[in-house]
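Asks: My file is data30.txt. It has compact mmCIF, C-alpha atoms:
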# COMPACT_ATOMS: atom_id res chain seq x y z
CA MET M 26 -14.90 -26.50 -11.54
CA VAL M 27 -13.10 -27.16 -14.79
CA VAL M 28 -12.37 -24.25 -17.06
CA ASP M 29 -11.27 -25.38 -20.48
CA ALA M 30 -8.24 -23.53 -21.80
CA GLU M 31 -9.92 -23.28 -25.19
CA LEU M 32 -12.59 -21.01 -23.85
CA SER M 33 -11.01 -17.63 -24.33
CA ASP M 34 -9.25 -16.46 -21.17
CA THR M 35 -10.53 -12.95 -21.71
CA GLU M 36 -14.10 -14.19 -21.79
CA VAL M 37 -13.67 -16.18 -18.59
CA ASP M 38 -12.03 -13.19 -16.88
CA ARG M 39 -14.90 -10.94 -17.93
CA LEU M 40 -17.47 -13.37 -16.67
CA PHE M 41 -15.90 -13.80 -13.26
CA GLN M 42 -15.06 -10.13 -12.90
CA ALA M 43 -18.65 -9.23 -13.76
CA LEU M 44 -20.06 -11.60 -11.18
CA ALA M 45 -17.56 -10.66 -8.47
CA ASP M 46 -19.61 -7.63 -7.41
CA ALA M 47 -22.75 -7.87 -5.25
CA THR M 48 -24.56 -5.00 -7.02
CA ARG M 49 -23.95 -6.58 -10.39
CA ARG M 50 -25.16 -9.97 -9.20
CA ASP M 51 -28.27 -8.23 -7.91
CA ILE M 52 -28.84 -6.50 -11.27
CA VAL M 53 -28.55 -9.84 -13.08
CA THR M 54 -31.10 -11.43 -10.73
CA ARG M 55 -33.53 -8.54 -11.18
CA VAL M 56 -33.41 -8.44 -14.97
CA ILE M 57 -33.70 -12.21 -15.28
CA GLU M 58 -36.97 -11.90 -13.38
CA ARG M 59 -38.20 -8.96 -15.41
CA GLU M 60 -36.59 -6.66 -17.98
CA GLN M 61 -36.38 -3.08 -16.77
CA SER M 62 -34.85 0.29 -17.53
CA VAL M 63 -31.55 1.52 -16.14
CA SER M 64 -33.43 4.25 -14.24
CA GLU M 65 -35.72 1.67 -12.61
CA LEU M 66 -32.69 -0.36 -11.59
CA ALA M 67 -30.98 2.74 -10.20
CA GLU M 68 -33.81 3.26 -7.70
CA HIS M 69 -32.71 0.14 -5.83
CA TYR M 70 -29.18 1.26 -5.12
CA ALA M 71 -27.59 4.05 -3.14
CA MET M 72 -25.51 5.18 -6.05
CA SER M 73 -25.78 7.47 -9.05
CA PHE M 74 -27.50 6.60 -12.32
CA ALA M 75 -24.09 6.80 -14.01
CA ALA M 76 -22.64 4.27 -11.57
CA VAL M 77 -25.49 1.83 -12.24
CA GLN M 78 -25.00 2.37 -15.95
CA LYS M 79 -21.33 1.43 -15.54
CA HIS M 80 -22.29 -1.78 -13.77
CA VAL M 81 -24.70 -2.62 -16.58
CA ALA M 82 -21.93 -1.99 -19.12
CA VAL M 83 -19.64 -4.46 -17.33
CA LEU M 84 -22.41 -7.08 -17.40
CA GLU M 85 -23.04 -6.38 -21.07
CA ARG M 86 -19.38 -6.94 -21.94
CA ALA M 87 -19.58 -10.30 -20.20
CA SER M 88 -22.77 -11.09 -22.17
CA LEU M 89 -24.75 -11.57 -18.98
CA VAL M 90 -27.33 -8.94 -19.83
CA GLY M 91 -28.42 -7.21 -23.01
CA LYS M 92 -29.51 -3.63 -23.44
CA VAL M 93 -31.88 -2.14 -26.00
CA ARG M 94 -33.00 1.45 -26.41
CA ARG M 95 -36.76 1.93 -26.29
CA GLY M 96 -37.69 5.57 -26.78
CA ARG M 97 -35.78 7.53 -24.15
CA GLU M 98 -35.20 4.51 -21.97
CA GLN M 99 -32.50 1.90 -21.99
CA ILE M 100 -34.08 -1.44 -21.22
CA VAL M 101 -31.86 -4.08 -19.64
CA HIS M 102 -32.83 -7.70 -20.03
CA GLY M 103 -31.15 -10.82 -18.82
CA ASP M 104 -30.91 -14.00 -20.77
CA PRO M 105 -27.42 -15.01 -19.81
CA ILE M 106 -27.48 -18.57 -21.11
CA THR M 107 -28.61 -17.52 -24.58
CA LEU M 108 -26.36 -14.49 -24.68
CA ARG M 109 -23.32 -16.41 -23.51
CA ARG M 110 -24.07 -19.13 -25.99
CA ALA M 111 -24.49 -16.60 -28.78
CA THR M 112 -21.20 -14.97 -27.83
CA ALA M 113 -19.37 -18.29 -27.70
CA LEU M 114 -20.80 -19.30 -31.07
CA LEU M 115 -19.89 -15.96 -32.61
CA GLU M 116 -16.37 -16.54 -31.32
CA SER M 117 -16.07 -19.84 -33.14
CA TYR M 118 -17.62 -18.32 -36.24
CA GLU M 119 -15.10 -15.50 -35.97
CA ARG M 120 -12.32 -18.10 -35.78
CA LEU M 121 -13.70 -19.70 -38.95
CA TRP M 122 -13.49 -16.34 -40.73
CA HIS M 123 -9.94 -15.82 -39.48
CA GLN M 124 -9.08 -19.15 -41.10
CA ARG M 125 -10.82 -18.15 -44.32
CA ILE M 126 -9.02 -14.83 -44.44
CA ALA M 127 -5.68 -16.55 -43.86
CA SER M 128 -6.45 -18.91 -46.78
CA ILE M 129 -7.38 -15.93 -49.00
CA ASP M 130 -4.12 -14.25 -48.06
CA GLU M 131 -2.17 -17.34 -49.11
CA LEU M 132 -4.12 -17.58 -52.34
CA LEU M 133 -3.40 -13.93 -53.19
CA ALA M 134 0.27 -14.38 -52.34
CA GLU M 135 0.45 -17.07 -55.06
CA ASP M 136 -0.47 -14.45 -57.72
CA GLU M 137 2.44 -12.31 -56.61
CA SER M 138 4.95 -15.13 -56.88
CA SER M 139 3.64 -16.25 -60.30
CA THR M 140 3.59 -12.76 -61.84
CA GLY M 141 6.61 -11.39 -60.05
CA MET R 26 -2.72 -11.30 -40.16
CA PRO R 27 -4.71 -9.08 -42.52
CA VAL R 28 -7.75 -8.88 -40.23
CA ILE R 29 -8.26 -5.24 -39.22
CA SER R 30 -11.30 -5.46 -37.03
CA SER R 31 -13.93 -7.84 -35.87
CA THR R 32 -17.14 -7.04 -34.01
CA LYS R 33 -19.48 -9.57 -32.46
CA SER R 34 -23.00 -8.59 -31.59
CA PRO R 35 -24.68 -11.38 -29.60
CA GLU R 36 -27.88 -9.30 -29.35
CA ASP R 37 -28.61 -9.54 -33.05
CA LEU R 38 -26.40 -12.56 -33.84
CA THR R 39 -24.13 -10.66 -36.18
CA LEU R 40 -20.42 -10.80 -36.89
CA THR R 41 -18.71 -7.99 -38.79
CA ILE R 42 -15.18 -8.69 -39.87
CA THR R 43 -12.88 -6.43 -41.90
CA ALA R 44 -9.66 -7.52 -43.56
CA GLU R 45 -7.14 -5.84 -45.82
CA PHE R 46 -5.51 -7.54 -48.78
CA ALA R 47 -2.57 -6.66 -51.00
CA ALA R 48 -4.63 -6.82 -54.21
CA ASP R 49 -7.03 -4.56 -56.07
CA PRO R 50 -10.83 -4.93 -55.72
CA ALA R 51 -11.10 -6.61 -59.17
CA ARG R 52 -8.80 -9.38 -57.95
CA VAL R 53 -10.54 -9.72 -54.57
CA TRP R 54 -13.90 -9.95 -56.39
CA GLN R 55 -12.64 -13.07 -58.19
CA LEU R 56 -12.44 -14.84 -54.83
CA TRP R 57 -16.26 -14.86 -54.86
CA ALA R 58 -16.96 -14.95 -58.58
CA ASP R 59 -14.83 -17.98 -59.39
CA PRO R 60 -15.98 -21.24 -57.76
CA ARG R 61 -12.54 -22.83 -58.17
CA GLN R 62 -11.09 -20.01 -56.04
CA LEU R 63 -13.91 -20.28 -53.53
CA GLU R 64 -12.98 -23.93 -53.06
CA ARG R 65 -9.53 -22.83 -51.95
CA TRP R 66 -10.80 -20.83 -49.00
CA TRP R 67 -14.51 -21.23 -48.11
CA GLY R 68 -14.14 -24.49 -46.22
CA PRO R 69 -11.88 -24.72 -43.18
CA PRO R 70 -8.72 -26.79 -43.78
CA THR R 71 -10.35 -29.88 -42.24
CA TRP R 72 -13.66 -29.36 -44.13
CA PRO R 73 -12.80 -28.36 -47.72
CA ALA R 74 -15.68 -27.12 -49.88
CA THR R 75 -16.58 -28.34 -53.37
CA PHE R 76 -18.89 -26.14 -55.45
CA THR R 77 -21.21 -28.11 -57.72
CA ARG R 78 -23.06 -25.06 -59.02
CA HIS R 79 -22.36 -21.33 -59.11
CA ASP R 80 -24.88 -19.22 -61.07
CA PHE R 81 -23.31 -15.88 -60.34
CA VAL R 82 -26.30 -13.71 -61.30
CA VAL R 83 -28.89 -11.93 -59.14
CA GLY R 84 -31.40 -14.58 -58.07
CA GLY R 85 -28.96 -17.32 -59.07
CA LYS R 86 -27.94 -20.15 -56.79
CA ALA R 87 -24.76 -21.84 -55.78
CA GLY R 88 -24.54 -25.34 -54.39
CA TYR R 89 -21.66 -26.79 -52.44
CA PHE R 90 -20.72 -29.45 -49.97
CA MET R 91 -17.99 -29.56 -47.39
CA THR R 92 -16.21 -32.82 -46.68
CA GLY R 93 -15.26 -33.59 -43.10
CA PRO R 94 -12.26 -35.52 -41.79
CA ALA R 95 -14.23 -38.79 -41.66
CA GLY R 96 -15.62 -38.30 -45.17
CA GLU R 97 -18.96 -36.94 -43.91
CA LYS R 98 -20.59 -34.39 -46.22
CA ALA R 99 -22.30 -31.17 -45.21
CA PRO R 100 -24.22 -29.70 -48.15
CA GLY R 101 -25.12 -26.03 -48.41
CA TRP R 102 -26.57 -23.52 -50.86
CA TRP R 103 -26.33 -19.83 -51.59
CA ARG R 104 -28.76 -17.50 -53.28
CA PHE R 105 -27.32 -14.29 -54.72
CA LEU R 106 -29.37 -11.19 -53.88
CA VAL R 107 -27.06 -8.34 -54.93
CA ILE R 108 -24.09 -8.51 -57.29
CA GLU R 109 -22.31 -5.23 -57.99
CA GLU R 110 -18.88 -5.99 -59.34
CA PRO R 111 -16.37 -5.30 -57.83
CA SER R 112 -17.67 -3.68 -54.67
CA ARG R 113 -20.82 -5.26 -53.31
CA LEU R 114 -22.22 -8.75 -52.91
CA GLU R 115 -25.12 -10.05 -50.84
CA PHE R 116 -26.31 -13.60 -50.56
CA GLU R 117 -28.07 -16.12 -48.35
CA ASP R 118 -26.16 -19.11 -47.08
CA GLY R 119 -28.24 -22.07 -45.95
CA PHE R 120 -28.16 -25.78 -45.29
CA ALA R 121 -29.26 -28.31 -47.86
CA ASP R 122 -30.43 -31.90 -47.69
CA ASP R 123 -28.47 -34.71 -49.36
CA ASP R 124 -30.00 -33.87 -52.75
CA GLY R 125 -28.79 -30.28 -52.46
CA GLU R 126 -32.34 -28.95 -51.89
CA PRO R 127 -32.61 -26.14 -49.29
CA ASP R 128 -33.36 -27.34 -45.77
CA THR R 129 -36.39 -25.22 -44.91
CA SER R 130 -36.41 -26.11 -41.21
CA MET R 131 -33.78 -23.48 -40.51
CA GLY R 132 -33.45 -19.97 -41.91
CA PRO R 133 -30.32 -19.14 -43.92
CA ALA R 134 -27.61 -16.77 -42.76
CA GLY R 135 -27.43 -13.43 -44.54
CA ILE R 136 -23.99 -12.42 -45.82
CA LEU R 137 -23.06 -8.93 -47.00
CA VAL R 138 -19.70 -8.29 -48.60
CA ARG R 139 -18.24 -4.88 -49.34
CA ILE R 140 -14.93 -4.38 -51.10
CA GLU R 141 -13.25 -0.97 -51.13
CA GLU R 142 -10.02 0.21 -52.65
CA SER R 143 -7.51 1.76 -50.29
CA ALA R 144 -4.05 2.81 -51.46
CA GLU R 145 -3.47 -0.05 -53.93
CA ARG R 146 -4.93 -2.50 -51.49
CA SER R 147 -8.46 -3.67 -50.81
CA THR R 148 -10.50 -3.63 -47.68
CA MET R 149 -13.14 -6.33 -47.50
CA THR R 150 -15.91 -6.16 -44.90
CA ILE R 151 -18.13 -9.17 -44.34
CA VAL R 152 -21.28 -8.92 -42.25
CA SER R 153 -22.91 -12.26 -41.35
CA SER R 154 -26.28 -12.37 -39.61
CA PHE R 155 -27.96 -15.46 -38.26
CA GLU R 156 -31.64 -16.05 -37.70
CA SER R 157 -31.25 -18.04 -34.50
CA VAL R 158 -28.68 -19.42 -32.09
CA GLU R 159 -29.59 -22.91 -33.38
CA ALA R 160 -28.82 -21.97 -36.98
CA MET R 161 -25.50 -20.51 -35.91
CA ASP R 162 -24.75 -23.59 -33.85
CA LYS R 163 -25.33 -25.88 -36.83
CA MET R 164 -23.27 -23.70 -39.14
CA ILE R 165 -20.34 -23.77 -36.78
CA GLU R 166 -20.55 -27.51 -36.30
CA MET R 167 -19.09 -27.82 -39.76
CA GLY R 168 -15.40 -27.37 -39.29
CA MET R 169 -15.39 -26.92 -35.57
CA GLU R 170 -12.90 -28.79 -33.45
CA GLU R 171 -14.19 -31.08 -30.74
CA GLY R 172 -12.40 -29.02 -28.13
CA MET R 173 -14.51 -26.02 -28.92
CA LYS R 174 -17.76 -27.93 -28.43
CA LEU R 175 -16.44 -29.05 -25.07
CA ALA R 176 -15.58 -25.48 -24.14
CA LEU R 177 -19.05 -24.32 -25.10
CA GLY R 178 -20.64 -26.94 -22.88
CA GLN R 179 -18.42 -25.85 -20.05
CA ALA R 180 -19.27 -22.20 -20.54
CA ASP R 181 -22.92 -23.12 -20.07
CA ALA R 182 -22.09 -25.12 -16.98
CA ILE R 183 -20.06 -22.32 -15.39
CA LEU R 184 -22.87 -19.95 -16.09
CA ALA R 185 -25.57 -22.23 -14.74
CA ASP R 186 -23.49 -22.44 -11.54
CA SER R 187 -23.06 -18.70 -11.16
CA THR R 188 -26.69 -17.93 -12.00
CA LEU R 189 -27.79 -20.42 -9.41
CA ALA R 190 -25.45 -18.95 -6.82
CA THR R 191 -26.85 -15.49 -7.48
CA THR R 192 -30.45 -16.53 -7.34
CA LEU R 193 -30.11 -18.47 -4.09
Have the structure of the file written as structure tokens, please.

Replies:
Amino acid sequence: MVVDAELSDTEVDRLFQALADATRRDIVTRVIEREQSVSELAEHYAMSFAAVQKHVAVLERASLVGKVRRGREQIVHGDPITLRRATALLESYERLWHQRIASIDELLAEDESSTG
Amino acid sequence: MPVISSTKSPEDLTLTITAEFAADPARVWQLWADPRQLERWWGPPTWPATFTRHDFVVGGKAGYFMTGPAGEKAPGWWRFLVIEEPSRLEFEDGFADDDGEPDTSMGPAGILVRIEESAERSTMTIVSSFESVEAMDKMIEMGMEEGMKLALGQADAILADSTLATTL
């Protein structure tokens, strides 16, 4: 497998770290099949609700699942391809804004040198 | 680097970026109000922007095109929704066809700008929201290096692999 250096290392680390755990892989599989609440998910595992919530948070940070609040419930859904793609695109868009802000900074610095 | 914070929200396709500049809000406002200044920073270095129109009034439109390294042109338009000098600006940013007319096949991005004074400096917050992944994809194509496209393709491939491995 080829991992391009231009894909942010942090993102790749998060992705692999998220998928390195059997429970988390199971959560991803379940929510891809059908979105469900954190409490529903918790019924499948011999661990506390809080522990399942932590696993979901790790998956969220890696953009493998998304979470929305619906009433009192937190619904977890899985659309990893779209979410990963959205994250990757937002990263390039963010880079574009970093460039713009750097250009603005240079432009403003010119005022200083012409007035000062 | 004057960027203070940056938050990506893939759920609702939004980027919020905050930067601080050594200038007062009146000066920072000019970056948006004056098309000649916009041309100095809106386009990435490899895709400079040229503004052909800039009706800086509520409901007014701006027209621009960005010129790529091979001379290709990517036209776009803005429509100003809120203009409150020197602190608040909202506009739509969309694609245009070769005649500069809005491309209606894809919804525009919404851009909110807030400028606040802080100890003789200005903090500018820009919130950009996209309608769809496709619209964001097209927007980023302008000014994006080839390497990044490659990386995106690979991210999908890695993911397809791992999803498959999990499902099997």

Asks: Suppose you want the space between atom CA of Ile140 of chain R and atom CA of Glu166 of chain R; what is it in Å?

Replies: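 One can read the atom CA of Ile140 of chain R to atom CA of Glu166 of chain R distance as 28.0 Å.
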
Asks: Would you mind telling me which residue in R:Trp57, R:Phe76, R:Phe155, R:Phe116 lies nearest to Gly132 of chain R when using all atoms listed in the file?

Replies: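 Of R:Trp57, R:Phe76, R:Phe155, R:Phe116, the one nearest Gly132 of chain R is R:Phe155, counting all atoms listed in the file.
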
Asks: Do a neighbour search on Val152 of chain R at 6 Å with all atoms listed in the file, toss out local chain neighbours closer than 5 positions, and write the hits as a list in words.

Replies: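 Residues near the query, excluding close chain neighbours: Leu40, Thr41, Ile136 and Leu137 of chain R.
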
Asks: Those same residues - C-alpha atoms - I'd like them written as a PDB file, in the frame of the given file.

Replies:
ATOM      1  CA  LEU R  40     -20.420 -10.800 -36.890  1.00  0.00           C
ATOM      2  CA  THR R  41     -18.710  -7.990 -38.790  1.00  0.00           C
ATOM      3  CA  ILE R 136     -23.990 -12.420 -45.820  1.00  0.00           C
ATOM      4  CA  LEU R 137     -23.060  -8.930 -47.000  1.00  0.00           C
TER       5      LEU R 137
END

Asks: Could you list, as a ChimeraX atom specification, every residue within 7 Å of Asp104 of chain M, counting only C-alpha atoms and ignoring same-chain residues fewer than 3 positions away?

Replies: /M:57,89-90,107-108

Asks: Between R:Glu115, R:Glu145, R:Glu156, R:Glu110, which is the closest to Met131 of chain R once you count all atoms listed in the file?

Replies: R:Glu156

Asks: With all atoms listed in the file as the counted atoms, please give the residues lying no more than 12 Å from Arg55 of chain M, apart from itself and same-chain residues fewer than 2 positions off, as a list in words.

Replies: Thr48, Arg49, Arg50, Asp51, Ile52, Val53, Ile57, Glu58, Arg59, Glu60, Gln61, Ser62, Val63, Glu65, Leu66, Ala67, His69, Val81, Val90, Val101, His102, Gly103 and Asp104 of chain M; Thr188, Thr191 and Thr192 of chain R

Asks: Just need the residues of chain M within 8 Å of chain R, counting all atoms listed in the file, so spit them out as a PyMOL selection string.

Replies: chain M and resi 26-32+44+50-51+54+88+91+105-119+121-130+132-133

Asks: Between atom CA of Ala160 of chain R and atom CA of Thr77 of chain R, what distance in Å does the model show, to one decimal?

Replies: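 One can read the atom CA of Ala160 of chain R to atom CA of Thr77 of chain R distance as 22.9 Å.
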
Asks: Just checking: using all atoms listed in the file, which residue out of M:Ala71, M:Val83, M:Val77, M:Val56 ends up closest to Arg39 of chain M?

Replies: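 Nearest to Arg39 of chain M: M:Val83.
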
Asks: Any idea what's packed within 7 Å of Gly93 of chain R, counting only C-alpha atoms, ignoring anything in its chain fewer than 3 positions away? Could you give it as a ChimeraX atom specification?

Replies: /R:71-72,96-98

Asks: Taking C-alpha atoms for each residue, export the selection above as a PDB file, in the frame of the given file.

Replies:
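Below is the file result08.pdb, written as the result:
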ATOM      1  CA  THR R  71     -10.350 -29.880 -42.240  1.00  0.00           C
ATOM      2  CA  TRP R  72     -13.660 -29.360 -44.130  1.00  0.00           C
ATOM      3  CA  GLY R  96     -15.620 -38.300 -45.170  1.00  0.00           C
ATOM      4  CA  GLU R  97     -18.960 -36.940 -43.910  1.00  0.00           C
ATOM      5  CA  LYS R  98     -20.590 -34.390 -46.220  1.00  0.00           C
TER       6      LYS R  98
END

Asks: Between atom CA of Glu126 of chain R and atom CA of Arg139 of chain R, measure the distance and give it in Å to one decimal.

Replies: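 Interatomic distance here is 28.0 Å.
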
Asks: Using only C-alpha atoms, which of R:Phe81, R:Phe120, R:Trp54, R:Trp103 sits nearest Ser147 of chain R?

Replies: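 Ranking R:Phe81, R:Phe120, R:Trp54, R:Trp103 by distance to Ser147 of chain R, first place goes to R:Trp54.
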
Asks: Complete the atom set of segment 136-158 of chain R to N, CA and C atoms and return it as a PDB file, in the frame of the given file.

Replies:
ATOM      1  N   ILE R 136     -25.391 -12.861 -45.734  1.00  0.00           N
ATOM      2  CA  ILE R 136     -23.990 -12.420 -45.820  1.00  0.00           C
ATOM      3  C   ILE R 136     -23.870 -11.226 -46.750  1.00  0.00           C
ATOM      4  N   LEU R 137     -23.285 -10.164 -46.240  1.00  0.00           N
ATOM      5  CA  LEU R 137     -23.060  -8.930 -47.000  1.00  0.00           C
ATOM      6  C   LEU R 137     -21.557  -8.739 -47.145  1.00  0.00           C
ATOM      7  N   VAL R 138     -21.125  -8.499 -48.366  1.00  0.00           N
ATOM      8  CA  VAL R 138     -19.700  -8.290 -48.600  1.00  0.00           C
ATOM      9  C   VAL R 138     -19.506  -6.929 -49.258  1.00  0.00           C
ATOM     10  N   ARG R 139     -18.558  -6.182 -48.756  1.00  0.00           N
ATOM     11  CA  ARG R 139     -18.240  -4.880 -49.340  1.00  0.00           C
ATOM     12  C   ARG R 139     -16.733  -4.846 -49.584  1.00  0.00           C
ATOM     13  N   ILE R 140     -16.363  -4.439 -50.775  1.00  0.00           N
ATOM     14  CA  ILE R 140     -14.930  -4.380 -51.100  1.00  0.00           C
ATOM     15  C   ILE R 140     -14.609  -2.947 -51.501  1.00  0.00           C
ATOM     16  N   GLU R 141     -13.625  -2.354 -50.832  1.00  0.00           N
ATOM     17  CA  GLU R 141     -13.250  -0.970 -51.130  1.00  0.00           C
ATOM     18  C   GLU R 141     -11.755  -0.883 -51.412  1.00  0.00           C
ATOM     19  N   GLU R 142     -11.420   0.020 -52.333  1.00  0.00           N
ATOM     20  CA  GLU R 142     -10.020   0.210 -52.650  1.00  0.00           C
ATOM     21  C   GLU R 142      -9.396   1.166 -51.645  1.00  0.00           C
ATOM     22  N   SER R 143      -8.191   0.844 -51.190  1.00  0.00           N
ATOM     23  CA  SER R 143      -7.510   1.760 -50.290  1.00  0.00           C
ATOM     24  C   SER R 143      -6.017   1.670 -50.553  1.00  0.00           C
ATOM     25  N   ALA R 144      -5.487   2.703 -51.191  1.00  0.00           N
ATOM     26  CA  ALA R 144      -4.050   2.810 -51.460  1.00  0.00           C
ATOM     27  C   ALA R 144      -3.462   1.522 -52.039  1.00  0.00           C
ATOM     28  N   GLU R 145      -3.954   1.137 -53.217  1.00  0.00           N
ATOM     29  CA  GLU R 145      -3.470  -0.050 -53.930  1.00  0.00           C
ATOM     30  C   GLU R 145      -3.692  -1.344 -53.183  1.00  0.00           C
ATOM     31  N   ARG R 146      -4.550  -1.286 -52.185  1.00  0.00           N
ATOM     32  CA  ARG R 146      -4.930  -2.500 -51.490  1.00  0.00           C
ATOM     33  C   ARG R 146      -6.447  -2.531 -51.472  1.00  0.00           C
ATOM     34  N   SER R 147      -7.011  -3.599 -50.919  1.00  0.00           N
ATOM     35  CA  SER R 147      -8.460  -3.670 -50.810  1.00  0.00           C
ATOM     36  C   SER R 147      -8.856  -3.975 -49.385  1.00  0.00           C
ATOM     37  N   THR R 148      -9.946  -3.336 -48.983  1.00  0.00           N
ATOM     38  CA  THR R 148     -10.500  -3.630 -47.680  1.00  0.00           C
ATOM     39  C   THR R 148     -11.798  -4.398 -47.933  1.00  0.00           C
ATOM     40  N   MET R 149     -11.917  -5.552 -47.328  1.00  0.00           N
ATOM     41  CA  MET R 149     -13.140  -6.330 -47.500  1.00  0.00           C
ATOM     42  C   MET R 149     -13.833  -6.439 -46.141  1.00  0.00           C
ATOM     43  N   THR R 150     -15.119  -6.058 -46.125  1.00  0.00           N
ATOM     44  CA  THR R 150     -15.910  -6.160 -44.900  1.00  0.00           C
ATOM     45  C   THR R 150     -17.001  -7.186 -45.125  1.00  0.00           C
ATOM     46  N   ILE R 151     -17.111  -8.129 -44.225  1.00  0.00           N
ATOM     47  CA  ILE R 151     -18.130  -9.170 -44.340  1.00  0.00           C
ATOM     48  C   ILE R 151     -19.026  -9.108 -43.117  1.00  0.00           C
ATOM     49  N   VAL R 152     -20.318  -8.946 -43.348  1.00  0.00           N
ATOM     50  CA  VAL R 152     -21.280  -8.920 -42.250  1.00  0.00           C
ATOM     51  C   VAL R 152     -22.127 -10.191 -42.356  1.00  0.00           C
ATOM     52  N   SER R 153     -22.094 -11.034 -41.340  1.00  0.00           N
ATOM     53  CA  SER R 153     -22.910 -12.260 -41.350  1.00  0.00           C
ATOM     54  C   SER R 153     -23.950 -12.163 -40.257  1.00  0.00           C
ATOM     55  N   SER R 154     -25.212 -12.406 -40.601  1.00  0.00           N
ATOM     56  CA  SER R 154     -26.280 -12.370 -39.610  1.00  0.00           C
ATOM     57  C   SER R 154     -27.020 -13.698 -39.597  1.00  0.00           C
ATOM     58  N   PHE R 155     -27.260 -14.181 -38.399  1.00  0.00           N
ATOM     59  CA  PHE R 155     -27.960 -15.460 -38.260  1.00  0.00           C
ATOM     60  C   PHE R 155     -29.368 -15.242 -37.747  1.00  0.00           C
ATOM     61  N   GLU R 156     -30.249 -16.166 -38.102  1.00  0.00           N
ATOM     62  CA  GLU R 156     -31.640 -16.050 -37.700  1.00  0.00           C
ATOM     63  C   GLU R 156     -31.830 -16.499 -36.259  1.00  0.00           C
ATOM     64  N   SER R 157     -31.083 -17.512 -35.855  1.00  0.00           N
ATOM     65  CA  SER R 157     -31.250 -18.040 -34.500  1.00  0.00           C
ATOM     66  C   SER R 157     -29.939 -18.616 -34.004  1.00  0.00           C
ATOM     67  N   VAL R 158     -29.859 -18.799 -32.698  1.00  0.00           N
ATOM     68  CA  VAL R 158     -28.680 -19.420 -32.090  1.00  0.00           C
ATOM     69  C   VAL R 158     -28.511 -20.833 -32.643  1.00  0.00           C
TER      70      VAL R 158
END
